[in-house]
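Colleague: This is work21.cif (mmCIF, C-alpha atoms).
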data_my_file
loop_
_atom_site.label_atom_id
_atom_site.label_comp_id
_atom_site.auth_asym_id
_atom_site.auth_seq_id
_atom_site.Cartn_x
_atom_site.Cartn_y
_atom_site.Cartn_z
CA MET A 11 -22.73 -129.95 -113.97
CA GLU A 12 -20.72 -127.48 -111.94
CA GLU A 13 -18.76 -126.57 -115.08
CA THR A 14 -21.98 -125.95 -117.08
CA ARG A 15 -23.32 -123.63 -114.41
CA PHE A 16 -19.97 -121.80 -114.28
CA ARG A 17 -19.98 -121.38 -118.09
CA ARG A 18 -23.57 -120.04 -117.99
CA ASN A 19 -22.63 -117.51 -115.28
CA VAL A 20 -19.65 -116.34 -117.33
CA ASP A 21 -21.91 -115.90 -120.38
CA ILE A 22 -24.41 -113.87 -118.35
CA LEU A 23 -21.59 -111.68 -116.99
CA ASP A 24 -20.35 -111.14 -120.57
CA TRP A 25 -23.83 -109.93 -121.56
CA TYR A 26 -24.02 -107.58 -118.56
CA ASP A 27 -20.56 -106.26 -119.37
CA ALA A 28 -21.55 -105.56 -122.99
CA LEU A 29 -24.79 -103.90 -121.89
CA VAL A 30 -23.05 -101.63 -119.37
CA PHE A 31 -20.44 -100.66 -121.98
CA ALA A 32 -23.16 -99.86 -124.56
CA LEU A 33 -25.05 -97.73 -122.04
CA ALA A 34 -21.88 -95.86 -121.11
CA VAL A 35 -21.19 -95.11 -124.78
CA LEU A 36 -24.78 -93.88 -125.26
CA VAL A 37 -24.52 -91.61 -122.22
CA LEU A 38 -21.26 -90.12 -123.50
CA VAL A 39 -22.66 -89.58 -127.01
CA PHE A 40 -25.81 -87.86 -125.74
CA ALA A 41 -23.89 -85.83 -123.16
CA PHE A 42 -21.23 -84.47 -125.50
CA CYS A 43 -22.08 -85.04 -129.17
CA ALA A 44 -25.83 -85.07 -129.70
CA ARG A 45 -29.04 -84.23 -127.94
CA ILE A 46 -32.70 -84.98 -128.44
CA VAL A 47 -35.01 -81.96 -128.41
CA VAL A 48 -38.80 -81.73 -128.69
CA VAL A 49 -40.37 -79.00 -130.86
CA SER A 50 -42.87 -76.87 -128.94
CA GLY A 51 -45.24 -74.71 -130.97
CA SER A 52 -45.93 -73.95 -134.61
CA SER A 53 -43.19 -71.43 -135.43
CA MET A 54 -41.31 -73.86 -137.69
CA ASN A 55 -44.33 -75.24 -139.63
CA ASN A 56 -44.12 -76.77 -142.32
CA THR A 57 -40.51 -77.81 -141.78
CA LEU A 58 -41.11 -79.02 -138.22
CA THR A 59 -44.32 -79.41 -136.24
CA ASP A 60 -45.29 -79.35 -132.59
CA GLY A 61 -44.15 -82.53 -130.83
CA ASP A 62 -41.48 -83.54 -133.36
CA ARG A 63 -38.42 -85.16 -131.74
CA LEU A 64 -35.13 -83.94 -133.18
CA LEU A 65 -31.54 -85.14 -133.05
CA VAL A 66 -29.27 -82.12 -132.53
CA GLN A 67 -25.53 -82.14 -133.30
CA SER A 68 -23.93 -80.24 -130.45
CA THR A 69 -20.15 -80.63 -130.81
CA PHE A 70 -17.80 -79.05 -133.32
CA TYR A 71 -20.63 -76.96 -134.79
CA THR A 72 -20.40 -73.41 -136.10
CA PRO A 73 -23.73 -71.83 -137.11
CA GLN A 74 -24.22 -71.22 -140.85
CA ARG A 75 -26.93 -69.30 -142.71
CA GLY A 76 -29.90 -71.53 -143.42
CA ASP A 77 -29.23 -74.03 -140.62
CA VAL A 78 -32.05 -74.98 -138.27
CA VAL A 79 -30.68 -74.61 -134.74
CA VAL A 80 -31.75 -74.98 -131.13
CA VAL A 81 -31.18 -72.09 -128.75
CA ASP A 82 -30.63 -72.78 -125.05
CA SER A 83 -33.51 -71.96 -122.71
CA TYR A 84 -31.59 -69.58 -120.45
CA ILE A 85 -31.73 -66.70 -122.96
CA ASN A 86 -33.89 -63.67 -122.10
CA TYR A 87 -36.95 -65.22 -123.78
CA GLY A 88 -36.83 -68.05 -121.26
CA LYS A 89 -37.76 -71.00 -123.48
CA PRO A 90 -35.68 -73.21 -125.78
CA LEU A 91 -36.15 -72.09 -129.37
CA VAL A 92 -35.93 -74.02 -132.65
CA LYS A 93 -35.29 -71.48 -135.43
CA ARG A 94 -33.46 -70.99 -138.72
CA VAL A 95 -30.24 -68.93 -138.96
CA ILE A 96 -30.95 -66.03 -141.32
CA ALA A 97 -27.87 -63.89 -140.75
CA LYS A 98 -24.58 -63.91 -138.84
CA GLY A 99 -22.48 -61.18 -137.24
CA GLY A 100 -21.71 -58.36 -139.70
CA ASP A 101 -24.62 -59.16 -142.04
CA THR A 102 -27.31 -56.59 -142.85
CA VAL A 103 -30.91 -57.82 -142.76
CA ASP A 104 -33.89 -56.10 -144.39
CA ILE A 105 -37.49 -57.22 -144.85
CA ASP A 106 -39.80 -56.17 -147.67
CA VAL A 107 -43.26 -56.96 -146.25
CA GLU A 108 -45.02 -55.98 -149.48
CA GLN A 109 -43.20 -58.70 -151.43
CA GLY A 110 -42.74 -60.99 -148.42
CA LEU A 111 -38.96 -61.17 -148.95
CA VAL A 112 -36.03 -61.19 -146.56
CA TYR A 113 -32.78 -59.64 -147.78
CA VAL A 114 -29.33 -60.38 -146.35
CA ASN A 115 -26.54 -58.09 -147.53
CA GLY A 116 -28.81 -56.80 -150.31
CA GLU A 117 -29.67 -60.25 -151.75
CA ALA A 118 -33.15 -61.75 -151.46
CA LEU A 119 -33.13 -65.14 -149.74
CA ASP A 120 -34.50 -68.16 -151.60
CA GLU A 121 -36.78 -69.60 -148.93
CA PRO A 122 -38.93 -72.44 -150.30
CA TYR A 123 -39.54 -73.60 -146.71
CA VAL A 124 -41.53 -70.43 -145.84
CA PRO A 125 -45.23 -71.10 -146.55
CA GLU A 126 -46.49 -67.49 -146.90
CA GLY A 127 -43.51 -65.19 -147.21
CA THR A 128 -42.45 -62.71 -144.55
CA LEU A 129 -45.29 -60.26 -143.99
CA SER A 130 -44.23 -58.80 -140.63
CA THR A 131 -41.18 -56.99 -139.31
CA GLY A 132 -42.00 -57.47 -135.65
CA ASN A 133 -41.14 -54.59 -133.34
CA VAL A 134 -37.57 -53.89 -134.51
CA GLU A 135 -36.49 -51.45 -137.22
CA PHE A 136 -35.07 -52.63 -140.53
CA PRO A 137 -32.57 -52.62 -142.11
CA LEU A 138 -30.37 -53.72 -139.25
CA THR A 139 -26.83 -54.98 -138.91
CA VAL A 140 -26.23 -58.11 -136.86
CA PRO A 141 -23.57 -57.52 -134.18
CA GLU A 142 -20.45 -59.72 -134.32
CA GLY A 143 -20.77 -62.92 -132.30
CA THR A 144 -24.55 -62.98 -132.62
CA LEU A 145 -27.15 -64.45 -134.97
CA PHE A 146 -30.44 -63.28 -136.45
CA LEU A 147 -32.93 -66.18 -136.29
CA MET A 148 -36.42 -66.60 -137.71
CA GLY A 149 -39.05 -69.33 -137.66
CA ASP A 150 -40.23 -70.75 -140.99
CA ASN A 151 -43.87 -70.00 -140.13
CA ARG A 152 -43.16 -66.26 -140.15
CA GLN A 153 -46.65 -65.03 -139.22
CA HIS A 154 -46.68 -67.22 -136.08
CA SER A 155 -43.08 -67.04 -134.87
CA THR A 156 -41.50 -65.15 -132.00
CA ASP A 157 -37.94 -64.72 -133.25
CA SER A 158 -35.21 -62.11 -133.74
CA ARG A 159 -37.79 -59.70 -135.19
CA SER A 160 -39.09 -59.34 -131.64
CA SER A 161 -37.22 -57.36 -129.00
CA ASP A 162 -38.23 -60.15 -126.56
CA VAL A 163 -35.81 -62.47 -128.41
CA GLY A 164 -33.51 -60.16 -130.37
CA PHE A 165 -30.07 -61.20 -131.51
CA ILE A 166 -28.88 -64.56 -130.19
CA ASP A 167 -25.34 -64.98 -128.92
CA GLU A 168 -23.60 -67.79 -130.85
CA ARG A 169 -22.60 -69.34 -127.50
CA ASP A 170 -26.30 -69.89 -126.71
CA ILE A 171 -26.74 -72.26 -129.65
CA LEU A 172 -27.07 -75.86 -128.43
CA GLY A 173 -26.49 -77.19 -131.92
CA LYS A 174 -27.76 -77.86 -135.40
CA VAL A 175 -30.90 -79.90 -136.01
CA VAL A 176 -29.77 -82.87 -138.08
CA LEU A 177 -32.56 -85.41 -138.05
CA ARG A 178 -36.23 -85.75 -137.15
CA ILE A 179 -36.54 -89.06 -135.27
CA TYR A 180 -40.24 -88.89 -134.35
CA PRO A 181 -42.96 -89.21 -135.58
CA PHE A 182 -41.71 -92.35 -137.29
CA ASN A 183 -43.55 -91.64 -140.56
CA LYS A 184 -41.57 -88.37 -140.91
CA ILE A 185 -38.07 -89.60 -139.99
CA GLY A 186 -35.47 -87.82 -142.08
CA LEU A 187 -32.77 -85.19 -142.47
CA ILE A 188 -33.72 -81.57 -141.87
CA GLN A 189 -32.83 -79.07 -144.58
#
Could you take the file, read its structure, and then write that structure out as structure tokens?
Modeller:
Amino acid sequence: MEETRFRRNVDILDWYDALVFALAVLVLVFAFCARIVVVSGSSMNNTLTDGDRLLVQSTFYTPQRGDVVVVDSYINYGKPLVKRVIAKGGDTVDIDVEQGLVYVNGEALDEPYVPEGTLSTGNVEFPLTVPEGTLFLMGDNRQHSTDSRSSDVGFIDERDILGKVVLRIYPFNKIGLIQ
């Protein structure tokens, strides 16, 4: 009987050990490799909606044009932003509000994710050249997005990017990769 109780205690300790190890691995992954971010607002409709939970890759990431990224909340705007990278340092951006098109380096962007086109230039003058080390970001819902077209946000330093949005994990009926 004593041996049975000893064996049961060892089994319980093995389970606790495995649980503690699994939790430690999860903490390390979420501290250094990935984060979960909640979308606030409608600036990324129809790609992302208010309340969506996103998995963000935060290590070994270099921003690329077209990526959906999360900007840290300590920028001048004061809130975390989820936006799309339109242009990188050295690129020239122009907006044709009559046609609703955004041009980067003279080429119109193919933006099937934008529901209505780009009908506003915000309060900055175009064309503009993006300074090195910074990004020009825009929301997909262009008429309802505070982004780099506003002097309140402006260019975003690449170091302020938390990471690339990889996956929507909530709501469950919309789980999937983000393009």
Colleague: Which residues, written as a list in words, have at least one atom at most 6 Å from Arg94 in chain A, with only C-alpha atoms counted and residues fewer than 4 positions away on the same chain left out?
Modeller: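 Answer for this query is Gly76, Asp77, Val78, Leu147, Met148 and Gly149 of chain A.
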Colleague: Looking at all atoms listed in the file, which of A:Gly186, A:Pro141, A:Gly173, A:Gly100 is the one that sits closest to Thr57 in chain A?
Modeller: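 Of the candidates, the smallest distance to Thr57 in chain A is held by A:Gly186.
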Colleague: Which is closest to Glu168 in chain A among A:Ser50, A:Thr72, A:Thr156, A:Ser130, if we use only C-alpha atoms?
Modeller: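 The shortest atom-to-atom distance to Glu168 in chain A comes from A:Thr72.
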Colleague: Padding of 6 Å on every side, edges along x, y and z, all listed atoms of range 151-162 of chain A included: what centre and edge lengths in Å, to one decimal, does that box have, as lines of an AutoDock Vina configuration file?
Modeller:
center_x = -40.9
center_y = -63.7
center_z = -133.4
size_x = 23.5
size_y = 24.6
size_z = 25.6
Colleague: Applying the PyMOL selection byres ((chain A and resi 63) around 8) to the file I just gave you, which residues come out? Please list them as a ChimeraX atom specification.
Modeller: /A:46-49,61-62,64-65,178-181
Colleague: Please determine, counting only C-alpha atoms, which residue among A:Gln109, A:Ser68, A:Ser53, A:Thr102 has the shortest atom-to-atom distance to His154 in chain A.
Modeller: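 Smallest separation from His154 in chain A among the options: A:Ser53.
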Colleague: Got a sec: who's within 10 Å of Thr139 in chain A, counting all atoms listed in the file, leaving out chain neighbours fewer than 3 positions off, as a list in words?
Modeller: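 So, after excluding close chain neighbours, the residues are Ala97, Lys98, Gly99, Gly100, Asp101, Thr102, Val103, Asp104, Val114, Asn115, Phe136, Glu142 and Phe146 of chain A.
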Colleague: Compare A:Gln189, A:Asn183, A:Lys174, A:Val37 by their minimum atom-to-atom distance to Val66 in chain A, counting all atoms listed in the file, and give me the closest one.
Modeller: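 Closest to Val66 in chain A of all the choices is A:Lys174.
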Colleague: Excluding Asp120 in chain A and residues on its chain fewer than 3 positions from it, collect all residues at most 12 Å away from it, counting only C-alpha atoms, and give them as a PyMOL selection string.
Modeller: chain A and resi 75-76+96+110-114+117+123-124+127-128
Colleague: Rank nothing, just name the residue among A:Thr144, A:Asn133, A:Ile188, A:Pro122 nearest to Asp162 in chain A, using all atoms listed in the file.
Modeller: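 Ranked by minimum distance to Asp162 in chain A, first place goes to A:Asn133.
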Colleague: Return range 101-127 of chain A, completed with N, CA, C and O atoms, as an mmCIF file, in the coordinates of the input.
Modeller:
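Resulting contents of rebuild_3.cif:
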data_model
loop_
_atom_site.group_PDB
_atom_site.id
_atom_site.type_symbol
_atom_site.label_atom_id
_atom_site.label_comp_id
_atom_site.auth_asym_id
_atom_site.auth_seq_id
_atom_site.Cartn_x
_atom_site.Cartn_y
_atom_site.Cartn_z
ATOM 1 N N ASP A 101 -23.648 -59.183 -140.950
ATOM 2 C CA ASP A 101 -24.620 -59.160 -142.040
ATOM 3 C C ASP A 101 -25.664 -58.074 -141.809
ATOM 4 O O ASP A 101 -26.001 -57.748 -140.674
ATOM 5 N N THR A 102 -26.210 -57.555 -142.911
ATOM 6 C CA THR A 102 -27.310 -56.590 -142.850
ATOM 7 C C THR A 102 -28.580 -57.283 -143.301
ATOM 8 O O THR A 102 -28.608 -57.924 -144.356
ATOM 9 N N VAL A 103 -29.625 -57.170 -142.485
ATOM 10 C CA VAL A 103 -30.910 -57.820 -142.760
ATOM 11 C C VAL A 103 -31.940 -56.744 -143.053
ATOM 12 O O VAL A 103 -32.014 -55.723 -142.366
ATOM 13 N N ASP A 104 -32.763 -56.975 -144.079
ATOM 14 C CA ASP A 104 -33.890 -56.100 -144.390
ATOM 15 C C ASP A 104 -35.073 -56.972 -144.778
ATOM 16 O O ASP A 104 -34.881 -58.071 -145.312
ATOM 17 N N ILE A 105 -36.277 -56.490 -144.502
ATOM 18 C CA ILE A 105 -37.490 -57.220 -144.850
ATOM 19 C C ILE A 105 -38.399 -56.330 -145.665
ATOM 20 O O ILE A 105 -38.701 -55.201 -145.274
ATOM 21 N N ASP A 106 -38.830 -56.846 -146.814
ATOM 22 C CA ASP A 106 -39.800 -56.170 -147.670
ATOM 23 C C ASP A 106 -41.137 -56.875 -147.457
ATOM 24 O O ASP A 106 -41.389 -57.935 -148.039
ATOM 25 N N VAL A 107 -42.000 -56.294 -146.597
ATOM 26 C CA VAL A 107 -43.260 -56.960 -146.250
ATOM 27 C C VAL A 107 -44.250 -56.948 -147.416
ATOM 28 O O VAL A 107 -45.131 -57.799 -147.478
ATOM 29 N N GLU A 108 -44.106 -56.014 -148.339
ATOM 30 C CA GLU A 108 -45.020 -55.980 -149.480
ATOM 31 C C GLU A 108 -44.785 -57.176 -150.404
ATOM 32 O O GLU A 108 -45.727 -57.746 -150.944
ATOM 33 N N GLN A 109 -43.526 -57.545 -150.598
ATOM 34 C CA GLN A 109 -43.200 -58.700 -151.430
ATOM 35 C C GLN A 109 -43.014 -59.978 -150.617
ATOM 36 O O GLN A 109 -42.921 -61.070 -151.177
ATOM 37 N N GLY A 110 -42.925 -59.829 -149.286
ATOM 38 C CA GLY A 110 -42.740 -60.990 -148.420
ATOM 39 C C GLY A 110 -41.329 -61.550 -148.467
ATOM 40 O O GLY A 110 -41.122 -62.735 -148.205
ATOM 41 N N LEU A 111 -40.346 -60.704 -148.773
ATOM 42 C CA LEU A 111 -38.960 -61.170 -148.950
ATOM 43 C C LEU A 111 -38.051 -60.690 -147.830
ATOM 44 O O LEU A 111 -38.216 -59.592 -147.305
ATOM 45 N N VAL A 112 -37.084 -61.534 -147.507
ATOM 46 C CA VAL A 112 -36.030 -61.190 -146.560
ATOM 47 C C VAL A 112 -34.750 -61.016 -147.369
ATOM 48 O O VAL A 112 -34.419 -61.855 -148.211
ATOM 49 N N TYR A 113 -34.042 -59.917 -147.099
ATOM 50 C CA TYR A 113 -32.780 -59.640 -147.780
ATOM 51 C C TYR A 113 -31.635 -59.707 -146.765
ATOM 52 O O TYR A 113 -31.753 -59.189 -145.657
ATOM 53 N N VAL A 114 -30.553 -60.362 -147.151
ATOM 54 C CA VAL A 114 -29.330 -60.380 -146.350
ATOM 55 C C VAL A 114 -28.228 -59.839 -147.237
ATOM 56 O O VAL A 114 -27.987 -60.361 -148.334
ATOM 57 N N ASN A 115 -27.609 -58.767 -146.774
ATOM 58 C CA ASN A 115 -26.540 -58.090 -147.530
ATOM 59 C C ASN A 115 -27.009 -57.713 -148.930
ATOM 60 O O ASN A 115 -26.274 -57.834 -149.905
ATOM 61 N N GLY A 116 -28.264 -57.278 -149.040
ATOM 62 C CA GLY A 116 -28.810 -56.800 -150.310
ATOM 63 C C GLY A 116 -29.333 -57.881 -151.240
ATOM 64 O O GLY A 116 -29.887 -57.573 -152.292
ATOM 65 N N GLU A 117 -29.189 -59.159 -150.895
ATOM 66 C CA GLU A 117 -29.670 -60.250 -151.750
ATOM 67 C C GLU A 117 -30.891 -60.915 -151.124
ATOM 68 O O GLU A 117 -30.875 -61.272 -149.945
ATOM 69 N N ALA A 118 -31.939 -61.088 -151.932
ATOM 70 C CA ALA A 118 -33.150 -61.750 -151.460
ATOM 71 C C ALA A 118 -32.850 -63.225 -151.202
ATOM 72 O O ALA A 118 -32.188 -63.881 -152.007
ATOM 73 N N LEU A 119 -33.331 -63.731 -150.074
ATOM 74 C CA LEU A 119 -33.130 -65.140 -149.740
ATOM 75 C C LEU A 119 -34.117 -66.005 -150.520
ATOM 76 O O LEU A 119 -35.283 -65.638 -150.669
ATOM 77 N N ASP A 120 -33.637 -67.143 -150.999
ATOM 78 C CA ASP A 120 -34.500 -68.160 -151.600
ATOM 79 C C ASP A 120 -34.973 -69.033 -150.454
ATOM 80 O O ASP A 120 -34.196 -69.805 -149.898
ATOM 81 N N GLU A 121 -36.261 -68.901 -150.096
ATOM 82 C CA GLU A 121 -36.780 -69.600 -148.930
ATOM 83 C C GLU A 121 -38.000 -70.447 -149.278
ATOM 84 O O GLU A 121 -39.129 -70.114 -148.920
ATOM 85 N N PRO A 122 -37.789 -71.592 -149.937
ATOM 86 C CA PRO A 122 -38.930 -72.440 -150.300
ATOM 87 C C PRO A 122 -39.624 -73.058 -149.086
ATOM 88 O O PRO A 122 -40.756 -73.520 -149.200
ATOM 89 N N TYR A 123 -38.987 -73.030 -147.931
ATOM 90 C CA TYR A 123 -39.540 -73.600 -146.710
ATOM 91 C C TYR A 123 -40.522 -72.652 -146.011
ATOM 92 O O TYR A 123 -41.190 -73.041 -145.059
ATOM 93 N N VAL A 124 -40.618 -71.397 -146.459
ATOM 94 C CA VAL A 124 -41.530 -70.430 -145.840
ATOM 95 C C VAL A 124 -42.874 -70.501 -146.575
ATOM 96 O O VAL A 124 -42.939 -70.201 -147.766
ATOM 97 N N PRO A 125 -43.951 -70.885 -145.868
ATOM 98 C CA PRO A 125 -45.230 -71.100 -146.550
ATOM 99 C C PRO A 125 -45.875 -69.845 -147.131
ATOM 100 O O PRO A 125 -46.481 -69.906 -148.197
ATOM 101 N N GLU A 126 -45.755 -68.681 -146.449
ATOM 102 C CA GLU A 126 -46.490 -67.490 -146.900
ATOM 103 C C GLU A 126 -45.621 -66.280 -147.183
ATOM 104 O O GLU A 126 -46.159 -65.211 -147.424
ATOM 105 N N GLY A 127 -44.346 -66.381 -147.111
ATOM 106 C CA GLY A 127 -43.510 -65.190 -147.210
ATOM 107 C C GLY A 127 -43.401 -64.526 -145.857
ATOM 108 O O GLY A 127 -43.985 -64.970 -144.868
#
